[in-house]
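**Q** Sharing target.txt below, compact mmCIF, C-alpha atoms:
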```txt
# COMPACT_ATOMS: atom_id res chain seq x y z
CA MET A 1 0.00 0.00 0.00
CA THR A 2 1.30 3.46 -0.92
CA VAL A 3 0.02 6.59 0.82
CA PHE A 4 0.53 10.12 -0.48
CA CYS A 5 -0.33 13.23 1.52
CA PRO A 6 0.80 16.85 1.15
CA GLY A 7 1.36 19.80 3.40
CA VAL A 8 2.94 20.66 6.73
CA GLY A 9 0.13 23.11 7.53
CA ALA A 10 -2.58 20.59 6.76
CA ALA A 11 -0.74 17.97 8.81
CA SER A 12 -0.58 20.19 11.89
CA LEU A 13 -4.33 20.78 11.62
CA ALA A 14 -5.15 17.12 10.80
CA LYS A 15 -6.64 18.23 7.48
CA LEU A 16 -4.55 16.08 5.17
CA THR A 17 -5.93 14.32 2.16
CA PHE A 18 -4.59 10.80 1.84
CA MET A 19 -4.64 9.31 -1.66
CA VAL A 20 -4.05 5.60 -1.23
CA GLY A 21 -3.21 2.96 -3.79
CA GLY A 22 -2.80 -0.71 -3.01
CA VAL A 23 -4.70 -3.77 -1.92
CA GLU A 24 -8.17 -2.66 -0.81
CA GLU A 25 -8.12 -4.91 2.28
CA GLU A 26 -4.90 -3.22 3.42
CA PHE A 27 -6.47 0.17 2.83
CA ASN A 28 -9.51 -0.82 4.90
CA ALA A 29 -7.22 -1.94 7.75
CA ALA A 30 -5.31 1.37 7.71
CA GLN A 31 -8.24 3.68 7.05
CA GLU A 32 -9.12 4.29 10.71
CA LEU A 33 -5.55 5.35 11.51
CA LEU A 34 -5.41 7.61 8.47
CA THR A 35 -8.69 9.33 9.39
CA CYS A 36 -7.09 10.33 12.72
CA MET A 37 -4.55 12.36 10.75
CA GLY A 38 -6.55 13.54 7.77
CA ALA A 39 -9.92 14.92 6.85
CA ASN A 40 -10.03 13.04 3.54
CA VAL A 41 -8.94 9.45 2.99
CA VAL A 42 -9.54 8.17 -0.53
CA TYR A 43 -8.90 4.70 -1.90
CA CYS A 44 -7.67 5.20 -5.47
CA GLY A 45 -7.22 1.59 -6.63
CA GLN A 46 -4.12 -0.44 -7.40
CA VAL A 47 -0.57 0.35 -6.25
CA GLY A 48 0.53 3.59 -7.92
CA SER A 49 -2.95 5.05 -8.29
CA GLY A 50 -2.53 7.18 -5.15
CA GLN A 51 0.61 8.69 -6.63
CA ALA A 52 -1.19 9.24 -9.94
CA ALA A 53 -3.98 11.10 -8.13
CA LYS A 54 -1.42 13.16 -6.21
CA ILE A 55 0.54 14.26 -9.27
CA CYS A 56 -2.67 15.23 -11.08
CA ASN A 57 -3.82 17.21 -8.03
CA ASN A 58 -0.48 18.93 -7.54
CA MET A 59 -0.11 19.77 -11.23
CA LEU A 60 -3.49 21.50 -11.14
CA LEU A 61 -2.52 23.17 -7.85
CA ALA A 62 0.73 24.51 -9.33
CA ILE A 63 -1.00 25.82 -12.44
CA GLY A 64 -3.71 27.41 -10.29
CA MET A 65 -1.16 29.08 -8.02
CA ILE A 66 0.74 30.51 -10.98
CA GLU A 67 -2.47 31.81 -12.54
CA THR A 68 -3.67 33.24 -9.21
CA GLU A 69 -0.37 35.10 -9.01
CA ARG A 70 -0.68 36.35 -12.57
CA HIS A 71 -4.14 37.82 -11.95
CA ARG A 72 -2.92 39.48 -8.77
CA HIS A 73 0.05 40.80 -10.71
CA LYS A 74 -2.20 42.27 -13.38
CA GLY A 75 -4.70 43.72 -10.96
CA GLY A 76 -2.65 44.62 -7.92
CA LYS A 77 -1.27 48.01 -6.95
CA ARG A 78 2.51 48.35 -6.91
CA GLU A 79 4.49 50.08 -4.18
CA SER A 80 7.79 51.05 -5.80
CA GLU A 81 8.53 52.79 -9.09
CA ARG A 82 9.79 49.49 -10.56
CA GLU A 83 6.60 47.77 -9.48
CA ARG A 84 4.50 50.55 -11.03
CA GLU A 85 6.35 49.96 -14.29
CA ILE A 86 5.35 46.29 -14.14
CA ASP A 87 1.72 47.09 -13.27
CA THR A 88 -0.74 46.92 -16.13
CA GLY A 89 -2.47 50.01 -14.84
CA LEU A 90 -5.52 48.33 -13.35
CA GLY A 91 -4.57 49.48 -9.84
CA LEU A 92 -6.88 47.18 -7.89
CA ASP A 93 -6.29 46.64 -4.19
CA PRO A 94 -5.11 43.02 -3.72
CA LYS A 95 -7.56 42.42 -0.84
CA LEU A 96 -10.46 43.76 -2.90
CA LEU A 97 -9.45 41.62 -5.87
CA ALA A 98 -9.24 38.54 -3.62
CA LYS A 99 -12.71 39.29 -2.26
CA ILE A 100 -14.17 39.64 -5.76
CA LEU A 101 -12.46 36.51 -7.11
CA ASN A 102 -13.50 34.46 -4.10
CA MET A 103 -17.17 35.34 -4.50
CA SER A 104 -17.14 34.86 -8.26
CA SER A 105 -16.33 32.24 -10.86
CA GLY A 106 -12.59 32.94 -10.56
CA ARG A 107 -12.55 31.37 -7.09
CA CYS A 108 -9.94 28.68 -6.53
CA TRP A 109 -8.16 27.17 -3.53
CA SER A 110 -5.01 29.21 -4.21
CA SER A 111 -6.97 32.43 -3.92
CA ASP A 112 -9.53 31.50 -1.29
CA LYS A 113 -7.53 29.39 1.18
CA TYR A 114 -3.82 29.94 0.45
CA ASN A 115 -3.45 33.38 -1.05
CA PRO A 116 0.09 33.98 -2.41
CA VAL A 117 0.03 37.76 -1.92
CA PRO A 118 1.61 39.01 1.32
CA GLY A 119 -0.83 41.01 3.43
CA VAL A 120 -4.01 39.58 1.93
CA MET A 121 -4.51 36.63 4.29
CA GLU A 122 -3.21 35.68 7.73
CA GLY A 123 -2.01 32.20 8.69
CA VAL A 124 -0.63 31.26 5.25
CA PRO A 125 3.01 31.12 4.13
CA SER A 126 2.77 34.42 2.22
CA ALA A 127 2.13 36.10 5.59
CA ASN A 128 5.36 34.57 6.93
CA ASN A 129 7.90 35.27 4.18
CA TYR A 130 6.78 32.02 2.49
CA GLN A 131 8.06 29.85 5.35
CA GLY A 132 6.29 26.58 6.16
CA GLY A 133 3.74 24.99 3.88
CA PHE A 134 4.49 22.83 0.85
CA GLY A 135 8.02 23.43 -0.37
CA THR A 136 8.91 24.60 -3.85
CA LYS A 137 11.34 21.70 -4.27
CA LEU A 138 8.53 19.26 -3.40
CA MET A 139 6.25 20.88 -5.97
CA ALA A 140 9.03 20.70 -8.57
CA LYS A 141 9.52 17.01 -7.71
CA ASP A 142 5.81 16.25 -8.10
CA LEU A 143 5.65 18.18 -11.37
CA GLY A 144 8.65 16.14 -12.52
CA PHE A 145 6.67 12.97 -11.78
CA ALA A 146 3.76 14.39 -13.77
CA GLN A 147 6.06 15.30 -16.66
CA ASN A 148 7.68 11.84 -16.70
CA THR A 149 4.29 10.14 -16.60
CA ALA A 150 3.00 12.35 -19.41
CA THR A 151 6.08 11.59 -21.50
CA ASN A 152 5.79 7.84 -20.88
CA THR A 153 2.09 7.82 -21.80
CA GLN A 154 2.48 10.32 -24.67
CA THR A 155 0.00 12.65 -22.98
CA PRO A 156 0.43 16.36 -23.69
CA ILE A 157 0.40 18.58 -20.59
CA PRO A 158 1.45 22.01 -21.90
CA LEU A 159 0.48 23.99 -18.80
CA GLY A 160 1.89 21.31 -16.52
CA SER A 161 5.17 21.40 -18.46
CA LEU A 162 5.32 25.19 -18.13
CA ALA A 163 4.58 24.98 -14.39
CA HIS A 164 7.38 22.40 -14.05
CA GLN A 165 9.82 24.75 -15.78
CA ILE A 166 8.82 27.65 -13.52
CA TYR A 167 9.21 25.64 -10.31
CA ARG A 168 12.53 24.18 -11.47
CA ALA A 169 13.77 27.71 -12.19
CA MET A 170 12.64 28.76 -8.72
CA CYS A 171 14.74 25.98 -7.19
CA THR A 172 17.85 27.21 -9.01
CA ARG A 173 17.26 30.76 -7.77
CA GLY A 174 17.04 30.16 -4.03
CA TYR A 175 13.36 29.31 -3.57
CA SER A 176 13.75 25.57 -2.91
CA ASN A 177 12.91 25.75 0.78
CA LYS A 178 10.20 28.39 0.50
CA ASP A 179 6.54 27.49 0.14
CA PHE A 180 5.42 26.91 -3.44
CA SER A 181 3.20 30.02 -3.25
CA SER A 182 6.42 32.05 -3.37
CA VAL A 183 5.89 31.84 -7.13
CA PHE A 184 4.21 35.23 -6.57
CA GLN A 185 7.48 36.74 -5.34
CA PHE A 186 9.59 34.87 -7.90
CA LEU A 187 7.60 36.02 -10.92
CA ARG A 188 7.50 39.61 -9.65
CA GLU A 189 11.29 39.60 -9.20
CA GLU A 190 11.75 38.13 -12.66
CA GLY A 191 9.48 40.79 -14.16
CA ILE A 192 7.26 38.15 -15.71
```
Would you mind writing the file out in structure tokens?
**A**
Amino acid sequence: MTVFCPGVGAASLAKLTFMVGGVEEEFNAAQELLTCMGANVVYCGQVGSGQAAKICNNMLLAIGMIETERHRHKGGKRESEREREIDTGLGLDPKLLAKILNMSSGRCWSSDKYNPVPGVMEGVPSANNYQGGFGTKLMAKDLGFAQNTATNTQTPIPLGSLAHQIYRAMCTRGYSNKDFSSVFQFLREEGI
């Protein structure tokens, strides 16, 4: 039986999601223990299916975080002259934009529960210089698994491939041990 679960923050709050692949009888025997540590325990099928579910989830999570950052970048106010040069001129307050997105069809976990913009939400890594949470190097690793699987199955994942490149670049530029939501800071510094 193989068990995959993400997140230091979710672990400390016993809100993990366990994606389990293996023999169903073994899953049933372990399920009670897993529910003590996580809010969601899902049997995914044969050995490897938990990992498959995890890499699909984390690929979507990475893409969503990057896109959440990009919309903040386009809409958010900038403090310094350099940041004003990057701004598209929309000049929206980041907290107001988060409120609007989270009550509208643009809502996603990255915006609603784990906002990457410092000062928008308390209790998330962006409020703590991107410390804690799910590390960038772990996201890059999971995206590498997704990329390898896609290559082996001849499945195109263009956005997943781009997300993998971004997170790999982050690791080479000192973001390895920061939370993956630091993509906000990384892309701002890169002027992207």
**Q** Compute the distance from (-10.6, 32.4, -8.9) to each atom, counting all atoms listed in the file, keep the residues with any atom at most 10 Å away, and return them as a list in words; use the coordinates of the file.
**A**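 Returned residue set, sorted by chain then number, is Gly64, Glu67, Thr68, His71, Leu97, Ala98, Lys99, Ile100, Leu101, Asn102, Met103, Ser104, Ser105, Gly106, Arg107, Cys108, Trp109, Ser110, Ser111 and Asp112 of chain A.
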**Q** From the set A:Cys56, A:Ala146, A:Leu61, A:Ala14, which residue has the shortest atom-to-atom contact distance to Asn40 of chain A, counting only C-alpha atoms?
**A** A:Ala14
**Q** Tell me which of A:Pro118, A:Gly133, A:Pro125, A:Gly48 sits closest to Gly22 of chain A, counting all atoms listed in the file.
**A**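 Among the listed residues, the smallest separation from Gly22 of chain A belongs to A:Gly48.
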**Q** Skipping near chain neighbours, those fewer than 2 positions away, what residues fall within 12 Å of Val124 of chain A using only C-alpha atoms, listed as a PyMOL selection string?
**A** chain A and resi 7-10+110-122+126-134+179-182
**Q** Using all atoms listed in the file, find the one residue out of A:Ser12, A:Ala140, A:Asn152, A:Phe184 that sits nearest to Gln165 of chain A.
**A**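 Between A:Ser12, A:Ala140, A:Asn152, A:Phe184, the residue approaching Gln165 of chain A most closely is A:Ala140.
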**Q** Write out as a PDB file with C-alpha atoms, in the coordinates of the input each polymer residue whose atoms come within 12 Å of Cys36 of chain A, counting only C-alpha atoms; drop sequence neighbours fewer than 6 positions from it.
**A**
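Contents of out.pdb, freshly written:
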```pdb
ATOM      1  CA  ALA A  11      -0.740  17.970   8.810  1.00  0.00           C
ATOM      2  CA  SER A  12      -0.580  20.190  11.890  1.00  0.00           C
ATOM      3  CA  LEU A  13      -4.330  20.780  11.620  1.00  0.00           C
ATOM      4  CA  ALA A  14      -5.150  17.120  10.800  1.00  0.00           C
ATOM      5  CA  LYS A  15      -6.640  18.230   7.480  1.00  0.00           C
ATOM      6  CA  LEU A  16      -4.550  16.080   5.170  1.00  0.00           C
ATOM      7  CA  THR A  17      -5.930  14.320   2.160  1.00  0.00           C
ATOM      8  CA  PHE A  18      -4.590  10.800   1.840  1.00  0.00           C
ATOM      9  CA  ALA A  30      -5.310   1.370   7.710  1.00  0.00           C
TER      10      ALA A  30
END
```
**Q** Quick one: residues within 9 Å of Leu138 of chain A, only C-alpha atoms, excluding same-chain residues fewer than 5 positions away - as a PyMOL selection string?
**A** chain A and resi 143+176-177+180
**Q** Compare A:Thr151, A:Gln51, A:Gln31, A:Asn58 by their minimum atom-to-atom distance to Met19 of chain A, counting only C-alpha atoms, and give me the closest one.
**A** A:Gln51
**Q** Using Å and a single decimal, report how far atom CA of Leu33 of chain A sits from atom CA of Lys137 of chain A.
**A** 28.3 Å
**Q** Which distance in Å separates atom CA of Val41 of chain A and atom CA of Val20 of chain A, to one decimal?
**A** 7.5 Å
**Q** Mind checking which residues fall within 8 Å of Glu24 of chain A, counting only C-alpha atoms, ignoring those fewer than 3 positions away in the same chain, and posting them as a ChimeraX atom specification?
**A** /A:27-28,43,45
